file protein.txt (compact mmCIF, C-alpha atoms (C1' of nucleotides))
# COMPACT_ATOMS: atom_id res chain seq x y z
CA MET A 1 -7.58 -19.41 1.00
CA ARG A 2 -5.82 -18.16 -2.13
CA GLY A 3 -3.41 -15.40 -1.25
CA GLU A 4 -4.35 -13.02 -4.02
CA SER A 5 -7.89 -12.85 -2.68
CA LEU A 6 -6.62 -10.81 0.22
CA LYS A 7 -5.09 -8.07 -1.86
CA GLY A 8 -6.63 -4.80 -0.94
CA HIS A 9 -8.58 -6.29 1.96
CA LEU A 10 -5.83 -7.18 4.34
CA ASP A 11 -5.71 -3.74 5.94
CA LEU A 12 -9.37 -4.14 6.86
CA LEU A 13 -8.82 -7.55 8.41
CA VAL A 14 -5.79 -6.48 10.39
CA LEU A 15 -7.39 -3.29 11.65
CA ALA A 16 -10.47 -5.29 12.63
CA VAL A 17 -8.65 -7.61 15.02
CA PHE A 18 -7.62 -4.62 17.11
CA THR A 19 -11.19 -3.94 18.17
CA ASP A 20 -10.64 -6.31 21.08
CA GLY A 21 -7.62 -4.34 22.30
CA PRO A 22 -3.87 -4.02 21.72
CA LEU A 23 -1.94 -6.85 20.10
CA HIS A 24 1.62 -7.57 19.07
CA GLY A 25 2.53 -8.84 15.62
CA TYR A 26 2.45 -12.51 16.39
CA GLY A 27 -0.81 -11.99 18.23
CA VAL A 28 -2.33 -10.49 15.11
CA ILE A 29 -1.49 -13.67 13.23
CA ARG A 30 -3.06 -15.77 15.98
CA ALA A 31 -6.14 -13.57 16.22
CA LEU A 32 -6.76 -13.80 12.48
CA ARG A 33 -6.33 -17.56 12.62
CA GLN A 34 -8.80 -17.83 15.47
CA ARG A 35 -11.43 -15.46 14.13
CA SER A 36 -11.30 -17.15 10.74
CA SER A 37 -11.34 -20.70 12.11
CA ALA A 38 -7.89 -21.28 10.62
CA ALA A 39 -8.88 -20.15 7.13
CA LEU A 40 -6.37 -17.32 7.45
CA ASP A 41 -2.82 -18.19 8.44
CA LEU A 42 -0.71 -15.24 7.39
CA PRO A 43 3.05 -15.48 7.10
CA GLU A 44 5.10 -13.17 9.27
CA GLY A 45 6.63 -11.65 6.16
CA THR A 46 3.18 -10.38 5.34
CA VAL A 47 2.12 -9.13 8.74
CA TYR A 48 5.17 -7.35 10.10
CA PRO A 49 5.75 -5.08 7.10
CA LEU A 50 2.02 -4.37 7.05
CA LEU A 51 1.99 -3.29 10.69
CA HIS A 52 4.95 -1.02 9.99
CA ARG A 53 3.07 0.55 7.10
CA LEU A 54 -0.10 1.03 9.12
CA GLU A 55 1.93 2.72 11.80
CA ARG A 56 3.64 4.94 9.25
CA GLN A 57 0.17 5.87 8.01
CA GLY A 58 -0.83 6.79 11.52
CA LEU A 59 -3.53 4.12 11.87
CA LEU A 60 -1.66 2.15 14.51
CA ALA A 61 0.60 3.22 17.36
CA SER A 62 3.18 0.94 18.93
CA ARG A 63 5.14 0.68 22.13
CA TRP A 64 7.65 -1.87 23.35
CA ARG A 65 6.70 -4.19 26.16
CA SER A 66 8.97 -6.58 27.96
CA VAL A 67 7.40 -9.65 29.49
CA GLU A 68 10.18 -11.36 31.39
CA ARG A 69 12.96 -11.28 28.86
CA ARG A 70 10.69 -11.28 25.83
CA ARG A 71 10.35 -8.02 24.01
CA ARG A 72 7.11 -7.38 22.22
CA ARG A 73 5.97 -4.51 20.11
CA LEU A 74 2.42 -3.83 21.15
CA TYR A 75 0.18 -2.11 18.63
CA SER A 76 -3.15 -0.40 19.11
CA LEU A 77 -5.58 1.58 16.99
CA THR A 78 -5.23 5.34 16.90
CA ALA A 79 -8.25 7.61 16.46
CA ALA A 80 -7.41 7.75 12.76
CA GLY A 81 -7.19 3.95 12.82
CA TRP A 82 -10.73 3.63 14.15
CA ARG A 83 -11.98 5.98 11.46
CA ALA A 84 -10.07 4.06 8.79
CA LEU A 85 -11.56 0.80 10.05
CA ASP A 86 -15.02 2.25 9.81
CA ARG A 87 -14.39 3.48 6.28
CA ARG A 88 -12.93 0.15 5.21
CA ARG A 89 -15.89 -1.72 6.61
CA LYS A 90 -18.20 0.33 4.44
CA GLU A 91 -15.96 -0.16 1.42
CA TRP A 92 -16.01 -3.89 2.02
CA ALA A 93 -19.80 -3.91 2.22
CA ALA A 94 -20.01 -1.95 -1.03
CA PHE A 95 -17.50 -4.22 -2.71
CA ALA A 96 -19.22 -7.40 -1.58
CA SER A 97 -22.60 -6.22 -2.79
CA THR A 98 -21.08 -5.17 -6.11
CA VAL A 99 -19.64 -8.64 -6.61
CA GLN A 100 -22.99 -10.12 -5.67
CA ALA A 101 -24.73 -7.89 -8.22
CA VAL A 102 -22.37 -9.03 -10.97
CA LEU A 103 -22.79 -12.67 -10.02
CA GLU A 104 -26.57 -12.50 -9.82
CA PRO A 105 -27.76 -9.70 -12.05
CA SER A 106 -31.39 -10.83 -11.79
CA GLY A 107 -31.69 -11.18 -8.04
CA MET B 1 -14.51 1.32 -6.09
CA ARG B 2 -10.88 1.12 -5.10
CA GLY B 3 -8.92 -0.77 -7.69
CA GLU B 4 -6.94 -2.93 -5.33
CA SER B 5 -10.13 -4.45 -3.99
CA LEU B 6 -10.50 -6.33 -7.24
CA LYS B 7 -7.20 -8.10 -7.07
CA GLY B 8 -7.74 -11.78 -7.17
CA HIS B 9 -11.46 -11.43 -7.83
CA LEU B 10 -11.50 -9.98 -11.29
CA ASP B 11 -11.32 -13.33 -13.02
CA LEU B 12 -14.53 -14.29 -11.24
CA LEU B 13 -16.31 -11.12 -12.30
CA VAL B 14 -15.21 -11.37 -15.90
CA LEU B 15 -16.06 -15.04 -16.20
CA ALA B 16 -19.45 -14.31 -14.65
CA VAL B 17 -20.57 -11.86 -17.32
CA PHE B 18 -20.24 -14.58 -19.94
CA THR B 19 -23.12 -16.52 -18.47
CA ASP B 20 -25.47 -14.50 -20.68
CA GLY B 21 -23.58 -15.48 -23.82
CA PRO B 22 -20.55 -14.45 -25.90
CA LEU B 23 -19.11 -10.96 -25.60
CA HIS B 24 -16.25 -8.98 -27.06
CA GLY B 25 -13.79 -7.06 -24.92
CA TYR B 26 -15.54 -3.75 -24.94
CA GLY B 27 -18.80 -5.55 -24.27
CA VAL B 28 -17.28 -7.07 -21.13
CA ILE B 29 -16.53 -3.58 -19.86
CA ARG B 30 -20.09 -2.50 -20.60
CA ALA B 31 -21.61 -5.59 -19.04
CA LEU B 32 -19.64 -5.11 -15.82
CA ARG B 33 -20.69 -1.48 -15.73
CA GLN B 34 -24.32 -2.40 -16.18
CA ARG B 35 -24.45 -5.33 -13.78
CA SER B 36 -22.67 -3.27 -11.12
CA SER B 37 -24.78 -0.14 -11.63
CA ALA B 38 -21.67 1.73 -12.72
CA ALA B 39 -19.66 0.82 -9.63
CA LEU B 40 -17.23 -1.03 -11.89
CA ASP B 41 -15.77 0.82 -14.85
CA LEU B 42 -12.70 -1.10 -15.85
CA PRO B 43 -10.04 0.41 -18.07
CA GLU B 44 -9.30 -1.34 -21.33
CA GLY B 45 -5.72 -1.84 -20.22
CA THR B 46 -7.10 -4.09 -17.52
CA VAL B 47 -9.63 -6.03 -19.52
CA TYR B 48 -7.87 -6.85 -22.77
CA PRO B 49 -4.77 -8.40 -21.20
CA LEU B 50 -7.02 -10.30 -18.82
CA LEU B 51 -9.07 -11.77 -21.67
CA HIS B 52 -5.87 -12.83 -23.36
CA ARG B 53 -4.72 -14.56 -20.23
CA LEU B 54 -8.04 -16.32 -19.70
CA GLU B 55 -7.88 -17.56 -23.25
CA ARG B 56 -4.31 -18.75 -22.79
CA GLN B 57 -5.53 -20.62 -19.72
CA GLY B 58 -8.24 -22.26 -21.80
CA LEU B 59 -11.15 -20.70 -19.91
CA LEU B 60 -12.28 -18.57 -22.83
CA ALA B 61 -12.26 -19.19 -26.55
CA SER B 62 -12.32 -16.40 -29.11
CA ARG B 63 -13.19 -15.92 -32.75
CA TRP B 64 -13.07 -12.84 -34.95
CA ARG B 65 -16.32 -11.34 -36.12
CA SER B 66 -16.64 -8.56 -38.63
CA VAL B 67 -19.72 -6.39 -38.37
CA GLU B 68 -19.54 -4.12 -41.38
CA ARG B 69 -15.97 -2.88 -41.20
CA ARG B 70 -15.63 -3.28 -37.43
CA ARG B 71 -13.65 -6.27 -36.36
CA ARG B 72 -14.51 -7.73 -33.02
CA ARG B 73 -12.98 -10.54 -31.09
CA LEU B 74 -15.85 -12.46 -29.64
CA TYR B 75 -15.15 -14.51 -26.52
CA SER B 76 -17.15 -17.28 -24.91
CA LEU B 77 -16.75 -19.67 -22.01
CA THR B 78 -15.21 -23.05 -22.67
CA ALA B 79 -16.22 -26.11 -20.66
CA ALA B 80 -13.17 -25.49 -18.48
CA GLY B 81 -14.30 -21.88 -18.18
CA TRP B 82 -17.67 -22.92 -16.78
CA ARG B 83 -15.98 -25.19 -14.28
CA ALA B 84 -13.57 -22.42 -13.32
CA LEU B 85 -16.47 -20.04 -12.84
CA ASP B 86 -18.18 -22.53 -10.56
CA ARG B 87 -15.01 -23.01 -8.53
CA ARG B 88 -14.41 -19.29 -8.27
CA ARG B 89 -17.94 -18.66 -7.08
CA LYS B 90 -17.38 -21.08 -4.24
CA GLU B 91 -14.04 -19.50 -3.42
CA TRP B 92 -15.70 -16.11 -3.32
CA ALA B 93 -18.39 -17.37 -0.96
CA ALA B 94 -15.73 -18.84 1.32
CA PHE B 95 -13.67 -15.67 1.22
CA ALA B 96 -16.63 -13.40 1.91
CA SER B 97 -17.71 -15.47 4.89
CA THR B 98 -14.15 -15.51 6.21
CA VAL B 99 -14.00 -11.73 6.08
CA GLN B 100 -17.37 -11.58 7.77
CA ALA B 101 -16.14 -13.88 10.52
CA VAL B 102 -13.12 -11.68 11.16
CA LEU B 103 -15.24 -8.54 11.19
CA GLU B 104 -17.87 -9.96 13.50
CA PRO B 105 -16.29 -12.67 15.62
CA SER B 106 -19.27 -12.81 17.95
CA GLY B 107 -22.09 -13.08 15.42
C1' DC C 1 -16.70 19.00 -38.17
C1' DA C 2 -15.27 18.01 -33.64
C1' DA C 3 -15.95 15.19 -29.87
C1' DA C 4 -17.33 11.15 -27.80
C1' DA C 5 -18.00 6.42 -27.89
C1' DT C 6 -16.66 2.02 -29.81
C1' DA C 7 -13.02 -1.39 -30.46
C1' DC C 8 -8.40 -3.52 -30.15
C1' DA C 9 -3.64 -3.77 -28.26
C1' DT C 10 0.73 -3.43 -25.44
C1' DA C 11 4.67 -1.45 -22.67
C1' DG C 12 5.84 0.00 -18.44
C1' DT C 13 4.53 1.38 -13.56
C1' DT C 14 2.84 0.60 -9.07
C1' DA C 15 1.24 -1.69 -5.08
C1' DT C 16 0.59 -5.68 -2.39
C1' DT C 17 1.49 -10.04 -0.69
C1' DC C 18 4.57 -13.76 -0.54
C1' DT C 19 9.00 -16.60 -0.02
C1' DA C 20 13.20 -16.89 1.94
C1' DT C 21 16.26 -15.77 5.29
C1' DG C 22 18.17 -14.50 9.70
C1' DG C 23 18.12 -13.40 14.51
C1' DT C 24 16.61 -14.31 19.69
C1' DA C 25 14.09 -16.80 23.44
C1' DT C 26 11.36 -20.52 25.75
C1' DA C 27 9.30 -25.09 26.43
C1' DG C 28 8.82 -29.78 25.52
C1' DT C 29 10.79 -34.16 24.19
C1' DA C 30 13.74 -37.90 22.38
C1' DT D 1 21.68 -32.80 26.36
C1' DA D 2 20.35 -31.94 21.72
C1' DC D 3 16.60 -31.38 18.89
C1' DT D 4 12.18 -29.52 17.72
C1' DA D 5 8.41 -26.64 17.93
C1' DT D 6 6.62 -22.40 19.12
C1' DA D 7 6.89 -17.57 20.11
C1' DC D 8 8.60 -13.11 18.55
C1' DC D 9 10.88 -9.56 15.53
C1' DA D 10 12.67 -8.02 10.99
C1' DT D 11 13.94 -7.25 6.01
C1' DA D 12 15.29 -8.18 1.05
C1' DG D 13 13.76 -9.72 -3.09
C1' DA D 14 10.25 -12.21 -6.11
C1' DA D 15 5.84 -12.70 -7.97
C1' DT D 16 1.60 -11.01 -9.56
C1' DA D 17 -2.24 -8.24 -10.65
C1' DA D 18 -4.30 -4.21 -12.06
C1' DC D 19 -3.36 0.31 -13.59
C1' DT D 20 -1.73 4.47 -16.57
C1' DA D 21 -0.37 5.91 -20.75
C1' DT D 22 -0.16 5.46 -25.40
C1' DG D 23 -1.19 4.08 -30.10
C1' DT D 24 -4.42 2.84 -33.98
C1' DA D 25 -8.94 3.01 -36.33
C1' DT D 26 -14.09 3.35 -36.93
C1' DT D 27 -18.78 5.07 -35.82
C1' DT D 28 -22.08 7.97 -33.75
C1' DT D 29 -23.56 12.28 -31.90
C1' DG D 30 -23.70 17.20 -30.76

call {"tool": "encode", "arguments": {"input": "protein.txt", "output": "structure tokens"}}
result
Amino acid sequence: MRGESLKGHLDLLVLAVFTDGPLHGYGVIRALRQRSSAALDLPEGTVYPLLHRLERQGLLASRWRSVERRRRRLYSLTAAGWRALDRRRKEWAAFASTVQAVLEPSG
Amino acid sequence: MRGESLKGHLDLLVLAVFTDGPLHGYGVIRALRQRSSAALDLPEGTVYPLLHRLERQGLLASRWRSVERRRRRLYSLTAAGWRALDRRRKEWAAFASTVQAVLEPSG
DNA sequence: CAAAATACATAGTTATTCTATGGTATAGTA
DNA sequence: TACTATACCATAGAATAACTATGTATTTTG
């Protein structure tokens, strides 16, 4: 998967994996890998700053969890996050059908 | 249409409009507008540099045409351009189905 | 005649993702 | 035991793509 393809769509993908419940950063990477059958394998340098931004934007909320000695920052969708996810889903659908229209102007 | 959505997919869209024959820069903008039912209205500052790059990459070839006093730079797909278009179409299909898989892990 | 559309071009900005790096902890293995 | 892989967090800086803003000039339209 070429990296540039993701630009502008990564927020959607990351928000989407939270529909199954809270996740920590590394778990987001794993969830995307699983849901995409390994097509997506995002570097940590992409995911962590993104989670920080989504939290700054109020779409995610985080809390620290300690499992044994491991500390994890657990994120979950806020109400605004759910709304943003819904909006982004619609934007994706519109975008995908626009691309399709350009690719196949007849059909 | 949010601009960032296009990132990494614009080459595909621009190459695709050449399937109907040669076009000049402004014509590319018009063709994208028409094929997308006005969803795409790209600024010239996006399209002209992109055409230059695609030509540098050997995917488009250009020649000057003068219609009355108007000079136009007419672009068309090279053989490499057709191959690139084909490849990009497949990449788009793969990307779109990956997004779909992440959005709907069950179905 | 003024405004809008047509037509080309480029410099500089912005936003997003990536690479590279650095830290800690645990489990498996040579 | 040392090494390696994996899990987990984080940030600085690079790369890239598309955009805004600006400039020029011609043609059509209100």

call {"tool": "interface_residues", "arguments": {"input": "protein.txt", "of": "chain C", "to": "chain B", "cutoff": "12 Å", "atoms": "all atoms listed in the file", "output": "list in words"}}
result
DA5, DT6, DA7, DC8, DA9, DT10, DA11, DG12, DT14, DA15, DT16 and DT17 of chain C

call {"tool": "residues_around", "arguments": {"input": "protein.txt", "residues": "Val14 of chain B", "least_positions_apart": "5", "cutoff": "10 Å", "atoms": "all atoms listed in the file", "output": "number ranges by chain"}}
result
A: 102-103; B: 9, 19, 28-29, 31-32, 47, 50-51, 54, 85

call {"tool": "calpha_fit_and_write", "arguments": {"input": "protein.txt", "fixed": "chain B", "moving": "chain A", "output": "tab-separated table (two decimals) with C-alpha atoms, in the frame of the given file"}}
result
chain	number	residue	atom	x	y	z
A	1	MET	CA	-14.47	1.34	-6.05
A	2	ARG	CA	-10.80	1.16	-5.05
A	3	GLY	CA	-8.84	-0.74	-7.65
A	4	GLU	CA	-6.87	-2.92	-5.30
A	5	SER	CA	-10.09	-4.42	-3.98
A	6	LEU	CA	-10.47	-6.28	-7.24
A	7	LYS	CA	-7.16	-8.07	-7.07
A	8	GLY	CA	-7.73	-11.75	-7.17
A	9	HIS	CA	-11.45	-11.38	-7.84
A	10	LEU	CA	-11.45	-9.94	-11.30
A	11	ASP	CA	-11.29	-13.32	-13.02
A	12	LEU	CA	-14.50	-14.27	-11.24
A	13	LEU	CA	-16.28	-11.10	-12.30
A	14	VAL	CA	-15.18	-11.35	-15.90
A	15	LEU	CA	-16.04	-15.02	-16.21
A	16	ALA	CA	-19.43	-14.30	-14.65
A	17	VAL	CA	-20.53	-11.83	-17.31
A	18	PHE	CA	-20.23	-14.55	-19.93
A	19	THR	CA	-23.12	-16.50	-18.46
A	20	ASP	CA	-25.44	-14.47	-20.67
A	21	GLY	CA	-23.55	-15.47	-23.82
A	22	PRO	CA	-20.52	-14.45	-25.90
A	23	LEU	CA	-19.08	-10.96	-25.59
A	24	HIS	CA	-16.23	-8.98	-27.07
A	25	GLY	CA	-13.77	-7.05	-24.94
A	26	TYR	CA	-15.54	-3.74	-24.98
A	27	GLY	CA	-18.78	-5.54	-24.27
A	28	VAL	CA	-17.26	-7.05	-21.15
A	29	ILE	CA	-16.50	-3.56	-19.89
A	30	ARG	CA	-20.07	-2.47	-20.62
A	31	ALA	CA	-21.59	-5.58	-19.06
A	32	LEU	CA	-19.62	-5.09	-15.85
A	33	ARG	CA	-20.66	-1.45	-15.74
A	34	GLN	CA	-24.30	-2.38	-16.20
A	35	ARG	CA	-24.41	-5.30	-13.79
A	36	SER	CA	-22.65	-3.24	-11.13
A	37	SER	CA	-24.75	-0.11	-11.65
A	38	ALA	CA	-21.63	1.76	-12.74
A	39	ALA	CA	-19.63	0.82	-9.65
A	40	LEU	CA	-17.21	-1.03	-11.91
A	41	ASP	CA	-15.74	0.83	-14.86
A	42	LEU	CA	-12.65	-1.09	-15.86
A	43	PRO	CA	-9.99	0.42	-18.09
A	44	GLU	CA	-9.27	-1.34	-21.35
A	45	GLY	CA	-5.69	-1.86	-20.25
A	46	THR	CA	-7.07	-4.09	-17.54
A	47	VAL	CA	-9.61	-6.04	-19.53
A	48	TYR	CA	-7.85	-6.86	-22.78
A	49	PRO	CA	-4.74	-8.41	-21.23
A	50	LEU	CA	-7.00	-10.31	-18.84
A	51	LEU	CA	-9.06	-11.79	-21.66
A	52	HIS	CA	-5.85	-12.84	-23.39
A	53	ARG	CA	-4.70	-14.56	-20.21
A	54	LEU	CA	-8.01	-16.32	-19.69
A	55	GLU	CA	-7.85	-17.57	-23.24
A	56	ARG	CA	-4.28	-18.75	-22.76
A	57	GLN	CA	-5.51	-20.61	-19.69
A	58	GLY	CA	-8.19	-22.25	-21.75
A	59	LEU	CA	-11.13	-20.70	-19.89
A	60	LEU	CA	-12.25	-18.57	-22.81
A	61	ALA	CA	-12.24	-19.18	-26.56
A	62	SER	CA	-12.28	-16.40	-29.12
A	63	ARG	CA	-13.15	-15.91	-32.74
A	64	TRP	CA	-13.09	-12.85	-34.96
A	65	ARG	CA	-16.35	-11.36	-36.12
A	66	SER	CA	-16.79	-8.60	-38.63
A	67	VAL	CA	-19.87	-6.44	-38.33
A	68	GLU	CA	-19.80	-4.16	-41.34
A	69	ARG	CA	-16.23	-3.00	-41.30
A	70	ARG	CA	-15.77	-3.36	-37.56
A	71	ARG	CA	-13.73	-6.29	-36.41
A	72	ARG	CA	-14.53	-7.74	-33.04
A	73	ARG	CA	-12.97	-10.53	-31.11
A	74	LEU	CA	-15.83	-12.47	-29.63
A	75	TYR	CA	-15.12	-14.50	-26.52
A	76	SER	CA	-17.13	-17.27	-24.91
A	77	LEU	CA	-16.72	-19.65	-22.00
A	78	THR	CA	-15.19	-23.04	-22.66
A	79	ALA	CA	-16.19	-26.11	-20.65
A	80	ALA	CA	-13.14	-25.49	-18.48
A	81	GLY	CA	-14.29	-21.87	-18.16
A	82	TRP	CA	-17.66	-22.91	-16.78
A	83	ARG	CA	-15.96	-25.18	-14.27
A	84	ALA	CA	-13.55	-22.42	-13.29
A	85	LEU	CA	-16.46	-20.02	-12.82
A	86	ASP	CA	-18.17	-22.49	-10.56
A	87	ARG	CA	-15.01	-22.99	-8.52
A	88	ARG	CA	-14.41	-19.25	-8.24
A	89	ARG	CA	-17.96	-18.66	-7.09
A	90	LYS	CA	-17.41	-21.07	-4.23
A	91	GLU	CA	-14.07	-19.48	-3.40
A	92	TRP	CA	-15.73	-16.09	-3.32
A	93	ALA	CA	-18.43	-17.35	-0.97
A	94	ALA	CA	-15.79	-18.84	1.32
A	95	PHE	CA	-13.73	-15.67	1.22
A	96	ALA	CA	-16.69	-13.41	1.93
A	97	SER	CA	-17.79	-15.48	4.89
A	98	THR	CA	-14.23	-15.54	6.22
A	99	VAL	CA	-14.07	-11.75	6.10
A	100	GLN	CA	-17.44	-11.60	7.80
A	101	ALA	CA	-16.21	-13.94	10.54
A	102	VAL	CA	-13.18	-11.74	11.18
A	103	LEU	CA	-15.29	-8.60	11.23
A	104	GLU	CA	-17.92	-10.03	13.55
A	105	PRO	CA	-16.33	-12.76	15.61
A	106	SER	CA	-19.33	-12.94	17.96
A	107	GLY	CA	-22.12	-13.19	15.42

call {"tool": "closest_atom_pairs", "arguments": {"input": "protein.txt", "of": "chain A", "to": "chain B", "cutoff": "9 Å", "atoms": "only C-alpha atoms", "output": "tab-separated table"}}
result
residue	atom	partner	partner_atom	distance
A:Met1	CA	B:Phe95	CA	7.2
A:Arg2	CA	B:Gly8	CA	8.4
A:Gly3	CA	B:Gly8	CA	8.2
A:Glu4	CA	B:Gly8	CA	4.8
A:Ser5	CA	B:Gly8	CA	4.6
A:Leu6	CA	B:Gly8	CA	7.5
A:Lys7	CA	B:Lys7	CA	5.6
A:Gly8	CA	B:Ser5	CA	4.7
A:His9	CA	B:Ser5	CA	6.4
A:Leu12	CA	B:Leu103	CA	8.5
A:Leu13	CA	B:Val102	CA	6.6
A:Ala16	CA	B:Leu103	CA	5.9
A:Val17	CA	B:Val102	CA	7.2
A:Ala31	CA	B:Val102	CA	8.8
A:Leu32	CA	B:Val102	CA	6.8
A:Gln34	CA	B:Val102	CA	8.7
A:Arg35	CA	B:Val102	CA	5.1
A:Ser36	CA	B:Thr98	CA	5.6
A:Ser37	CA	B:Thr98	CA	8.3
A:Ala39	CA	B:Thr98	CA	7.1
A:Leu40	CA	B:Thr98	CA	8.1
A:Arg89	CA	B:Leu103	CA	8.2
A:Glu91	CA	B:Met1	CA	7.8
A:Trp92	CA	B:Ser5	CA	8.4
A:Ala94	CA	B:Met1	CA	8.2
A:Phe95	CA	B:Met1	CA	7.1
A:Ala96	CA	B:Ala96	CA	7.4
A:Ser97	CA	B:Ser36	CA	8.8
A:Thr98	CA	B:Ser36	CA	5.6
A:Val99	CA	B:Leu13	CA	7.0
A:Gln100	CA	B:Ser36	CA	8.8
A:Ala101	CA	B:Ser36	CA	5.8
A:Val102	CA	B:Arg35	CA	5.1
A:Leu103	CA	B:Ala16	CA	5.9
A:Glu104	CA	B:Arg35	CA	8.5
A:Pro105	CA	B:Arg35	CA	5.7

call {"tool": "atom_distance", "arguments": {"input": "protein.txt", "atom1": "atom CA of Pro22 of chain A", "atom2": "atom C1' of DA5 of chain D"}}
result
26.0 Å

call {"tool": "atom_distance", "arguments": {"input": "protein.txt", "atom1": "atom C1' of DT1 of chain D", "atom2": "atom C1' of DG23 of chain C"}}
result
23.0 Å

call {"tool": "interface_residues", "arguments": {"input": "protein.txt", "of": "chain D", "to": "chain A", "cutoff": "9 Å", "atoms": "all atoms listed in the file", "output": "mmCIF file with C-alpha atoms (C1' of nucleotides), keeping the file's coordinate frame"}}
result
data_model
loop_
_atom_site.group_PDB
_atom_site.id
_atom_site.type_symbol
_atom_site.label_atom_id
_atom_site.label_comp_id
_atom_site.auth_asym_id
_atom_site.auth_seq_id
_atom_site.Cartn_x
_atom_site.Cartn_y
_atom_site.Cartn_z
ATOM 1 C "C1'" DA D 7 6.890 -17.570 20.110
ATOM 2 C "C1'" DC D 8 8.600 -13.110 18.550
ATOM 3 C "C1'" DC D 9 10.880 -9.560 15.530
ATOM 4 C "C1'" DA D 10 12.670 -8.020 10.990
ATOM 5 C "C1'" DT D 11 13.940 -7.250 6.010
ATOM 6 C "C1'" DT D 16 1.600 -11.010 -9.560
ATOM 7 C "C1'" DA D 17 -2.240 -8.240 -10.650
#
